[in-house]
Each structure stands twice: as structure tokens, then as C-alpha cells.
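Right, one structure below, let's go through it.
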Amino acid sequence: MKITKLAKGISLKRPLEGGNEEQLKVVRQVLADVRAQGDTAIRFYTEKWDGFAPDHLRVTKDEIEEGANSLDQQLYADLTEAAQNIRFYHEQQKRSGYRLELEDGSWLGQRITALDAVGLYVPGGTAAYPSSVLMNVIPAQVAGVKRIVITSPAGRDGKLPPGVLAAAHILGVEEIYKIGGAQAIAALAYGTETISPVDKITGPGNIFVALAKREVFGEVAIDMIAGPSEIAVLADDTAFADEIAADLLSQAEHDKLACAILVTTSEQLAKKVAEEVEKQLITLPREEVARASIEKFGAIYVAETLADAVDAINSLAPEHLEIVTKNAEAVAEQVRHAGGIFIGRYSSEPVGDYFAGTNHVLPTNSTARFASGLNVDDFVKKSSVVFYSEKTWAENAPKIARLARMEGLEGHARAVESRGWEKE
């Protein structure tokens, strides 16, 4: 990894590949076909791109049971415990509405209600992530969503990965469809003869899925357009080089566009981490992917002071931030922009990815400056509530009418003034 002195202007932003006009054209055609032809289009594109012709789109209960039972028992137990941790963490986010009592019986309030239905897209093939099932479904369940749908591309044998089915089994999700790609997003957004539409779509996918989510936004809500994974590590001379290198590679192995950055106050640590990264790359099963990421988007920056390093982190606004320094908790208090913060030597990023309970669906590409990770609030909506008594209306109607007329909206003024008089 290249070592340079920290300077202003460092960035995590990457020229994201994909999303060209040809890909967008394909996505728009798929969306239009599914909207017009429903299940017929779904079957056509599933056979064309996934290599099998489904005799039924929905995964049966027997298939779910078979997949769950085929998973190693210890892995099933681990997924179950992870689910419990995730549920416990997200239960703390649940909020109720409120009611503010005013004079004369008037009141204002906020009502919080769960979405009726959400759809979770789960990638298939080598990118099948049971952990993503847990991370997307559980906050929706905690929020109170009644209908949760999973779509995921099956293999050429027409089956979904056992881990995905086991995660769904643990959570009690039974509405699962063997559909991937843009056609899955279209089915969730528009509905077909078999699949009823949902209100929101969450979950990661390839460029076609990302483009499709962007296209249907407005018809339904979406979580985010997530970019490739990224990690920034803030470390001083108390950190161990082999551990920091391993943490950087944990994200580099995701994608050739993934980004791994170390910001440190120790030049000696910087040199040792660079050596360790090269040493560990050689034995990493996904060496080709991780090496491409490190060579193109990896970097080590040496800062003169810890304050400079923290400023750089806030500028980067990384998806994942590890802090491995003296007084790491105090340093973390100075961080304003990061999707997920991992404090101390034993809180490496995968702890949050899989088990601790925090959500691993996080904002990327510096959007942590204004965006949050997936949480219970993503699956609810808030309605404002107003109740004015006659006396409160009488006291305030002239003020409201004046404000309306100031904006040239006579109809608004009349709507307020028309009340309160005795009607024949």
C-alpha cells in the first residue's frame, strides 16, 4: 500500500463503474416488460439470465425447511444467536408517537405507524449473504411490518442457498421468491399475478438491481443506492500492524472497487501495515479481488497530530470506521461522520457485520455526512395530528388568515374563517 503524508482533500469517493446508458436501457426494458406482462416476463428473464425455468416462483415451505435443515447445525445456532443480538439492539430504536395537550382541550401529536409491506432483495450465487437477511428483516419486524417479502436469484438447480433459507426460517419469513435482478425489483414495485407489490425495497444487489431501485423510487421507497464497501482505520502506535492489515483486507476482499484506508500518527505503524497487507494478501482466498482494491483504492496516510487525523476521518465520512488508539472512546466522541464506529482493538469491523447486533447496511461513498445506517425508523412513517377546539380556533383564525393572505392564498384564509358560525 502506498504511504503518504496526510494532506487536505483526501476522499473515499470512487468513479463507480456501471450505470451506463446501455445498462440503463436494459433495466428500463425489464421494468416495462414486468409491469405489462407480469409473471410471463419474470419467467422469461429468469430463464434468460439465471439459467433455469421456474415451474413456481414462490419457495415452498418444504423447500425452506429442506434448506434450513441442510445447514450445519452449529452455523444455524450461530445465525440464531446473531439474530437475537440484532433484535435486542434494534428493539431499543423503537419509538411511540406523542400527544401534546394544549389549552381548552386542543392537542397536537405524532402518530407512528409501520409500513404495510416491504421487500428485501438478497443477492445470490457467490454473493449470497444470510447476514443481510437478518439485517434487513429484523428492523422491519421490530417496526411492526406485517408483510415481509424476500426475493433472491436461485442457482441453475432452482434452489436458494441453504444459509439464506435458514436465516429466513429463523425469522419466520415464508414469502420468498426465486427471482433476481431488475425483474425482482419490478415485481416488488409493480406486482404481478403471483406477487403483490410492496411499499419499500431494501437490500444490496448488482448494478442492474441498483439501477432498477433508482428507477422505481417514487413508486415505492428504497433504502439507499449503496456503493462498494469501505473502511477507514484510525490508529496510533498502540495498534498491532497484523491486526490492522487484516481489518483493511476484510473490506478489500468484497469488491475490486472497495476502499481501505489507514490514517495513523505513527510512521512506523504505517510501514509495518503496508508490509503486513502484502504478506496477508498472498494467502487470502480472494486475493485477486482484494489486491485490485488495495492497489487502486487503498492508502495509508501519516498525520502529524491526532487532531489532524480525526479531521481527516470526518472529511472522509467512511462507511466503517475503526478507532485503535489510546483513549479510543474519547477519540470516538470527536467523530461526527461515520456509518458505523468500532472502538478498540477487539471491535474489528466483522464483529458488527455478523454478530454484535448493530446493522451492517451503512451509507457509503462519504454519504455518512448526511445519511444513517438501516434502522427501525426506515420501516415506519410519521403522521402529524392536529385537534383544535372551538376556542383555540377563534383565538387563532385571524392570525392564520392573515398569514394565508400574505402568501396570496385566499382559499386558505376562507377555509379557516368559514368555521365557527352558526349554520342554518
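Going by the C-alpha cells order, chains are called A, B, ..., each with residues numbered from 1, while ligands are numbered from 1 in the order shown.
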Notebook entry, point to check: Looking only at the backbone, which of the residues in range 80-303 of chain A does DSSP tag as strand (DSSP E), as a PyMOL selection string?
Noted result: chain A and resi 98-101+107-114+117-121+147-151+175-177+200-202+221-222+230-235+259-264+299-302
Next item on the list: Write down as a count of residues only the residues of range 293-381 of chain A whose backbone DSSP state falls under alpha helix (DSSP H).
Entry: 27
Checklist line | Selected residue, from A:Ala53, A:Ala187, A:Ile170, A:Cys259, that lies nearest to Val149 in chain A when counting only C-alpha atoms | finding: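 Of A:Ala53, A:Ala187, A:Ile170, A:Cys259, the one nearest Val149 in chain A is A:Ala187, counting only C-alpha atoms.
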Margin query: Taking 6 positions as the minimum chain separation for residues in the same chain, which residues sit within 7 Å of range 311-325 of chain A when counting only C-alpha atoms? Answer as a PyMOL selection string.
Written below: chain A and resi 11-12+230-236+238-239+335-345+348+362-364+366-369
Next item on the list: Please provide as JSON, numbers by chain all residues within 9 Å of Pro123 in chain A, with the sequence filter that same-chain residues fewer than 2 positions apart are discarded (counting only C-alpha atoms).
Entry: {"A": [121, 125, 126, 127, 128, 129, 151, 152, 153, 180, 181, 203, 204, 205, 206]}
Keeping only N, CA and C atoms, write the selected residues to a file as a tab-separated table (two decimals), in the first residue's frame.
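The result, stored in again_35.tsv:
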chain	number	residue	atom	x	y	z
A	121	TYR	N	-34.32	-7.55	-1.11
A	121	TYR	CA	-33.56	-8.22	-2.17
A	121	TYR	C	-32.31	-8.82	-1.56
A	125	GLY	N	-25.90	-16.57	-5.75
A	125	GLY	CA	-24.60	-17.06	-6.24
A	125	GLY	C	-23.53	-16.96	-5.19
A	126	THR	N	-22.32	-16.53	-5.61
A	126	THR	CA	-21.20	-16.43	-4.68
A	126	THR	C	-21.37	-15.28	-3.71
A	127	ALA	N	-22.33	-14.38	-3.99
A	127	ALA	CA	-22.55	-13.22	-3.13
A	127	ALA	C	-23.78	-13.39	-2.24
A	128	ALA	N	-24.09	-14.61	-1.89
A	128	ALA	CA	-25.25	-14.87	-1.02
A	128	ALA	C	-24.87	-14.58	0.42
A	129	TYR	N	-25.61	-13.68	1.06
A	129	TYR	CA	-25.27	-13.26	2.41
A	129	TYR	C	-26.44	-13.47	3.37
A	151	THR	N	-36.85	-11.68	-2.11
A	151	THR	CA	-36.58	-12.17	-3.46
A	151	THR	C	-35.08	-12.41	-3.58
A	152	SER	N	-34.72	-13.49	-4.25
A	152	SER	CA	-33.32	-13.85	-4.41
A	152	SER	C	-33.16	-14.76	-5.61
A	153	PRO	N	-32.13	-14.55	-6.43
A	153	PRO	CA	-31.94	-15.42	-7.58
A	153	PRO	C	-31.49	-16.81	-7.18
A	180	GLY	N	-34.34	-12.82	-9.28
A	180	GLY	CA	-33.22	-11.92	-9.08
A	180	GLY	C	-33.24	-10.79	-10.08
A	181	GLY	N	-32.23	-9.94	-10.00
A	181	GLY	CA	-32.03	-8.89	-10.99
A	181	GLY	C	-33.10	-7.81	-10.99
A	203	GLY	N	-32.08	-3.73	0.52
A	203	GLY	CA	-31.14	-4.80	0.22
A	203	GLY	C	-30.21	-4.47	-0.94
A	204	PRO	N	-29.00	-5.04	-0.91
A	204	PRO	CA	-28.00	-4.75	-1.93
A	204	PRO	C	-28.16	-5.63	-3.17
A	205	GLY	N	-27.49	-5.25	-4.24
A	205	GLY	CA	-27.51	-6.05	-5.46
A	205	GLY	C	-26.49	-5.53	-6.45
A	206	ASN	N	-26.46	-6.13	-7.64
A	206	ASN	CA	-25.50	-5.68	-8.66
A	206	ASN	C	-25.97	-4.38	-9.29
Margin query: At a cut-off of 8 Å, using only C-alpha atoms, what residues contact range 303-310 of chain A? Leave out same-chain residues fewer than 6 positions from it and give the result as JSON, numbers by chain.
Written below: {"A": [5, 6, 234, 263, 264, 265, 266, 331, 334, 335]}
Selected residues written out, all heavy atoms, as a PDB file, in the first residue's frame:
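again.pdb, freshly written:
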ATOM      1  N   LYS A   5       2.074  11.410   3.285  1.00  0.00           N
ATOM      2  CA  LYS A   5       1.735  12.315   4.378  1.00  0.00           C
ATOM      3  C   LYS A   5       0.307  12.803   4.202  1.00  0.00           C
ATOM      4  O   LYS A   5      -0.145  13.041   3.088  1.00  0.00           O
ATOM      5  CB  LYS A   5       2.703  13.499   4.417  1.00  0.00           C
ATOM      6  CG  LYS A   5       4.084  13.136   4.946  1.00  0.00           C
ATOM      7  CD  LYS A   5       4.919  14.381   5.176  1.00  0.00           C
ATOM      8  CE  LYS A   5       6.261  14.013   5.825  1.00  0.00           C
ATOM      9  NZ  LYS A   5       7.081  15.219   6.097  1.00  0.00           N
ATOM     10  N   LEU A   6      -0.398  12.930   5.300  1.00  0.00           N
ATOM     11  CA  LEU A   6      -1.777  13.375   5.254  1.00  0.00           C
ATOM     12  C   LEU A   6      -1.856  14.798   4.717  1.00  0.00           C
ATOM     13  O   LEU A   6      -1.131  15.681   5.150  1.00  0.00           O
ATOM     14  CB  LEU A   6      -2.399  13.311   6.660  1.00  0.00           C
ATOM     15  CG  LEU A   6      -3.858  13.734   6.770  1.00  0.00           C
ATOM     16  CD1 LEU A   6      -4.743  12.781   5.975  1.00  0.00           C
ATOM     17  CD2 LEU A   6      -4.279  13.761   8.231  1.00  0.00           C
ATOM     18  N   LEU A 234      -8.423   4.437  12.079  1.00  0.00           N
ATOM     19  CA  LEU A 234      -7.672   5.495  12.746  1.00  0.00           C
ATOM     20  C   LEU A 234      -6.869   4.834  13.854  1.00  0.00           C
ATOM     21  O   LEU A 234      -7.438   4.254  14.777  1.00  0.00           O
ATOM     22  CB  LEU A 234      -8.632   6.540  13.315  1.00  0.00           C
ATOM     23  CG  LEU A 234      -8.036   7.641  14.190  1.00  0.00           C
ATOM     24  CD1 LEU A 234      -6.977   8.432  13.425  1.00  0.00           C
ATOM     25  CD2 LEU A 234      -9.137   8.573  14.700  1.00  0.00           C
ATOM     26  N   VAL A 263      -5.422   5.823   8.509  1.00  0.00           N
ATOM     27  CA  VAL A 263      -4.919   7.140   8.910  1.00  0.00           C
ATOM     28  C   VAL A 263      -4.253   6.958  10.263  1.00  0.00           C
ATOM     29  O   VAL A 263      -4.894   6.526  11.226  1.00  0.00           O
ATOM     30  CB  VAL A 263      -6.052   8.178   9.003  1.00  0.00           C
ATOM     31  CG1 VAL A 263      -5.482   9.539   9.417  1.00  0.00           C
ATOM     32  CG2 VAL A 263      -6.789   8.303   7.679  1.00  0.00           C
ATOM     33  N   THR A 264      -2.968   7.258  10.345  1.00  0.00           N
ATOM     34  CA  THR A 264      -2.224   6.985  11.569  1.00  0.00           C
ATOM     35  C   THR A 264      -1.269   8.113  11.912  1.00  0.00           C
ATOM     36  O   THR A 264      -0.834   8.863  11.028  1.00  0.00           O
ATOM     37  CB  THR A 264      -1.439   5.665  11.447  1.00  0.00           C
ATOM     38  OG1 THR A 264      -0.713   5.431  12.663  1.00  0.00           O
ATOM     39  CG2 THR A 264      -0.466   5.708  10.283  1.00  0.00           C
ATOM     40  N   THR A 265      -0.965   8.228  13.187  1.00  0.00           N
ATOM     41  CA  THR A 265       0.031   9.189  13.644  1.00  0.00           C
ATOM     42  C   THR A 265       1.413   8.551  13.753  1.00  0.00           C
ATOM     43  O   THR A 265       2.370   9.217  14.123  1.00  0.00           O
ATOM     44  CB  THR A 265      -0.375   9.751  15.022  1.00  0.00           C
ATOM     45  OG1 THR A 265      -0.637   8.652  15.911  1.00  0.00           O
ATOM     46  CG2 THR A 265      -1.619  10.608  14.904  1.00  0.00           C
ATOM     47  N   SER A 266       1.509   7.268  13.423  1.00  0.00           N
ATOM     48  CA  SER A 266       2.769   6.542  13.567  1.00  0.00           C
ATOM     49  C   SER A 266       3.313   6.113  12.209  1.00  0.00           C
ATOM     50  O   SER A 266       2.730   5.268  11.531  1.00  0.00           O
ATOM     51  CB  SER A 266       2.566   5.305  14.449  1.00  0.00           C
ATOM     52  OG  SER A 266       3.698   4.464  14.419  1.00  0.00           O
ATOM     53  N   VAL A 331     -11.599   9.526  21.744  1.00  0.00           N
ATOM     54  CA  VAL A 331     -11.359   9.899  20.346  1.00  0.00           C
ATOM     55  C   VAL A 331     -12.645   9.752  19.539  1.00  0.00           C
ATOM     56  O   VAL A 331     -12.984  10.600  18.697  1.00  0.00           O
ATOM     57  CB  VAL A 331     -10.233   9.041  19.739  1.00  0.00           C
ATOM     58  CG1 VAL A 331     -10.089   9.312  18.237  1.00  0.00           C
ATOM     59  CG2 VAL A 331      -8.905   9.317  20.446  1.00  0.00           C
ATOM     60  N   GLN A 334     -15.114  12.562  19.143  1.00  0.00           N
ATOM     61  CA  GLN A 334     -14.785  13.662  18.235  1.00  0.00           C
ATOM     62  C   GLN A 334     -15.207  13.369  16.791  1.00  0.00           C
ATOM     63  O   GLN A 334     -15.107  14.226  15.918  1.00  0.00           O
ATOM     64  CB  GLN A 334     -13.279  13.939  18.273  1.00  0.00           C
ATOM     65  CG  GLN A 334     -12.749  14.277  19.655  1.00  0.00           C
ATOM     66  CD  GLN A 334     -11.235  14.354  19.670  1.00  0.00           C
ATOM     67  OE1 GLN A 334     -10.626  15.006  18.828  1.00  0.00           O
ATOM     68  NE2 GLN A 334     -10.621  13.667  20.621  1.00  0.00           N
ATOM     69  N   VAL A 335     -15.651  12.152  16.543  1.00  0.00           N
ATOM     70  CA  VAL A 335     -16.044  11.757  15.183  1.00  0.00           C
ATOM     71  C   VAL A 335     -17.497  12.154  14.949  1.00  0.00           C
ATOM     72  O   VAL A 335     -18.396  11.777  15.698  1.00  0.00           O
ATOM     73  CB  VAL A 335     -15.869  10.244  14.986  1.00  0.00           C
ATOM     74  CG1 VAL A 335     -16.408   9.820  13.612  1.00  0.00           C
ATOM     75  CG2 VAL A 335     -14.402   9.866  15.113  1.00  0.00           C
TER      76      VAL A 335
END
Note to self: With distances taken over only C-alpha atoms, which residue among A:Glu65, A:Asp378, A:Glu275, A:Asp199 lies nearest His90 in chain A?
What the structure shows: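 Among the listed residues, A:Asp378 lies closest to His90 in chain A.
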Next item on the list: Just the residues within 12 Å of Ala290 in chain A, please, counting only C-alpha atoms, with nothing from its chain fewer than 2 positions along; format it as a ChimeraX atom specification.
Entry: /A:1,229-230,245-260,277-278,280-288,292-298
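The two atoms in question, CA of Gly38 in chain A and CA of Lys61 in chain A, are spaced 23.4 Å apart.
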